[in-house]
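Structure record follows, encoded as structure tokens.
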Amino acid sequence: MILSWPEAKDPPCFLKLTLGQAKVSSTMFPLQGAQMLQTLEKSLRKSLPESIKDMTDDLDQYTNTYQVYSKDPQNCQEFLGSPEVINWKQHLQIQSCQSSLNKAVQNLAATKSLKIERSENILFIAAETIKKLIPSLLDTKTLSPGDGKPKAINQEKFKISSLGIPHAALVNKFWHFGGNERSQKFIERCIQNFPSSCLLGPEGNPVSWTLMDYTGETRMGGTLPEYRTQGLVSYAVYMQAQEMAKRGFPVYSHTVRTNTAMQKMSYTLQHIPMSCAWNQWLCSPM
């Protein structure tokens with residue numbers, strides 16, 4: 001994770017941090033002002049060996065991930081280009097809510113002979129998370145009518161549960177960014193260490209699911225083709241959000257702009273699209 005301290009006028013950032021393969025913790029705190037951010041920096045530096053010990057596979061873009069926020073995104077190329085900050089010899093990904101980082105990343109790609117694949121997606125945050133953490137962003141006029149709950153399911157046919165390691169192959173098969181050995185290992189670690197939710201079908205196997213990744217984001221939602229259009233993934237996402245909120249996590253996710261079905265689901269669950277995008281740059285040495 002890379003942080004560049006915001007100016008005093010910037011809104012507070014809220015961070016949930018997990019390092020390495022450590023089990024998830026429910027501790028969460030607001031970052032307000034330079035002093036708290038400097039305290040965080042000292043804590044991160046102490047834990048740095050633990051947090052990077054898994055970044056040993058140069059081809060593993062799932063583990064080799066950086067979350068970047070800069071108070072000066074137009075002029076952070078030199079900082080990001082430092083090998084002490086990012087190991088550009090690896091296959092990696094950069095995630096950020098700042099689309100303005102694109103110029104710096106693209107310039108670095110040109111100078112370091114990297115292949116870049118960029119995606120700019122819609123970032124959703126649950127209304128309850130916004131209400132708790134940044135209430136100034138909550139506009140009740142934009143919320144969907146109702147209580148933000150999904151439609152009821154047949155609870156005799158479908159049972160709420162959590163994913164296990166043996167289910168990683170199933171999730172990997174239907175994950176847009178997955179389908180390979182490294183992505184399956186990444187999913188296994190997410191299932192092992194973080195909350196997940198699924199619906200078990202009549203035969204006792206997952207038919208719809210979602211889980212949390214190491215950034216605290218709700219990811220990888222999916223449903224078996226024969227069970228789609230029944231609102232099952234909405235129910236799984238709702239149950240996952242309840243579990244994450246109970247543990248003190250903010251509830252947020254992203255979806256591609258062409259996935260109108262997931263956008264409709266997010267609206268129904270009162271997950272609000274943010275003005276900033278969820279950006280991802282996949283970087284591969286050529």
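We label chains A, B, ... in the order they appear in the structure tokens, count residues from 1 in each chain, and number ligands from 1 in the order shown.
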TODO: Looking only at strand (DSSP E or B) from DSSP on the backbone, list the matching residues of range 42-165 of chain A as a ChimeraX atom specification.
DONE: /A:65-69,92-96,114-126,159-161
Give me the residues within 8 Å of range 112-117 of chain A as a PDB file with N, CA, C and O atoms, in the first residue's frame, counting only C-alpha atoms and dropping any in the same chain fewer than 3 places off.
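In the end it all went to selection-v3.pdb:
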ATOM      1  N   TRP A  88       9.016  -2.802 -10.274  1.00  0.00           N
ATOM      2  CA  TRP A  88       8.505  -2.785 -11.644  1.00  0.00           C
ATOM      3  C   TRP A  88       8.991  -3.958 -12.471  1.00  0.00           C
ATOM      4  O   TRP A  88       8.583  -4.118 -13.630  1.00  0.00           O
ATOM      5  N   GLN A 106       1.123   5.688 -17.150  1.00  0.00           N
ATOM      6  CA  GLN A 106       1.392   5.483 -18.571  1.00  0.00           C
ATOM      7  C   GLN A 106       2.798   5.943 -18.948  1.00  0.00           C
ATOM      8  O   GLN A 106       3.480   5.304 -19.763  1.00  0.00           O
ATOM      9  N   LEU A 108       5.382   5.948 -16.942  1.00  0.00           N
ATOM     10  CA  LEU A 108       6.288   4.947 -16.394  1.00  0.00           C
ATOM     11  C   LEU A 108       6.308   3.693 -17.266  1.00  0.00           C
ATOM     12  O   LEU A 108       7.357   3.064 -17.448  1.00  0.00           O
ATOM     13  N   ALA A 109       5.160   3.346 -17.797  1.00  0.00           N
ATOM     14  CA  ALA A 109       5.082   2.181 -18.682  1.00  0.00           C
ATOM     15  C   ALA A 109       5.961   2.373 -19.908  1.00  0.00           C
ATOM     16  O   ALA A 109       6.635   1.442 -20.370  1.00  0.00           O
ATOM     17  N   TRP A 281      -4.650  -0.750 -12.957  1.00  0.00           N
ATOM     18  CA  TRP A 281      -3.669  -0.850 -14.010  1.00  0.00           C
ATOM     19  C   TRP A 281      -2.925  -2.180 -13.856  1.00  0.00           C
ATOM     20  O   TRP A 281      -2.259  -2.404 -12.839  1.00  0.00           O
ATOM     21  N   LEU A 282      -3.051  -3.055 -14.829  1.00  0.00           N
ATOM     22  CA  LEU A 282      -2.294  -4.297 -14.843  1.00  0.00           C
ATOM     23  C   LEU A 282      -1.013  -4.046 -15.612  1.00  0.00           C
ATOM     24  O   LEU A 282      -1.043  -3.650 -16.784  1.00  0.00           O
ATOM     25  N   CYS A 283       0.114  -4.272 -14.950  1.00  0.00           N
ATOM     26  CA  CYS A 283       1.419  -3.926 -15.521  1.00  0.00           C
ATOM     27  C   CYS A 283       2.248  -5.192 -15.712  1.00  0.00           C
ATOM     28  O   CYS A 283       2.435  -5.963 -14.771  1.00  0.00           O
ATOM     29  N   SER A 284       2.753  -5.379 -16.932  1.00  0.00           N
ATOM     30  CA  SER A 284       3.537  -6.565 -17.243  1.00  0.00           C
ATOM     31  C   SER A 284       4.812  -6.160 -17.965  1.00  0.00           C
ATOM     32  O   SER A 284       4.737  -5.432 -18.974  1.00  0.00           O
ATOM     33  N   PRO A 285       5.989  -6.589 -17.496  1.00  0.00           N
ATOM     34  CA  PRO A 285       7.236  -6.294 -18.225  1.00  0.00           C
ATOM     35  C   PRO A 285       7.218  -6.955 -19.594  1.00  0.00           C
ATOM     36  O   PRO A 285       6.777  -8.091 -19.742  1.00  0.00           O
ATOM     37  N   MET A 286       7.700  -6.229 -20.604  1.00  0.00           N
ATOM     38  CA  MET A 286       7.744  -6.775 -21.966  1.00  0.00           C
ATOM     39  C   MET A 286       9.130  -7.354 -22.259  1.00  0.00           C
ATOM     40  O   MET A 286      10.120  -6.962 -21.656  1.00  0.00           O
TER      41      MET A 286
END
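Considering only C-alpha atoms, the residue among A:Pro145, A:Gly231, A:Leu92, A:Tyr62 positioned nearest to Cys190 in chain A is A:Tyr62.
Minimum atom-to-atom distances from A:His271, A:Arg182, A:His176, A:His254 to His91 in chain A were compared using only C-alpha atoms, and the lowest value belongs to A:Arg182.
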- [ ] Give me, please, the distance in Å between CA of Tyr214 in chain A and CA of Arg189 in chain A, quoted to one decimal.
- [x] 9.2 Å
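Separating CA of Glu203 in chain A from CA of Leu269 in chain A is a distance of 28.1 Å.
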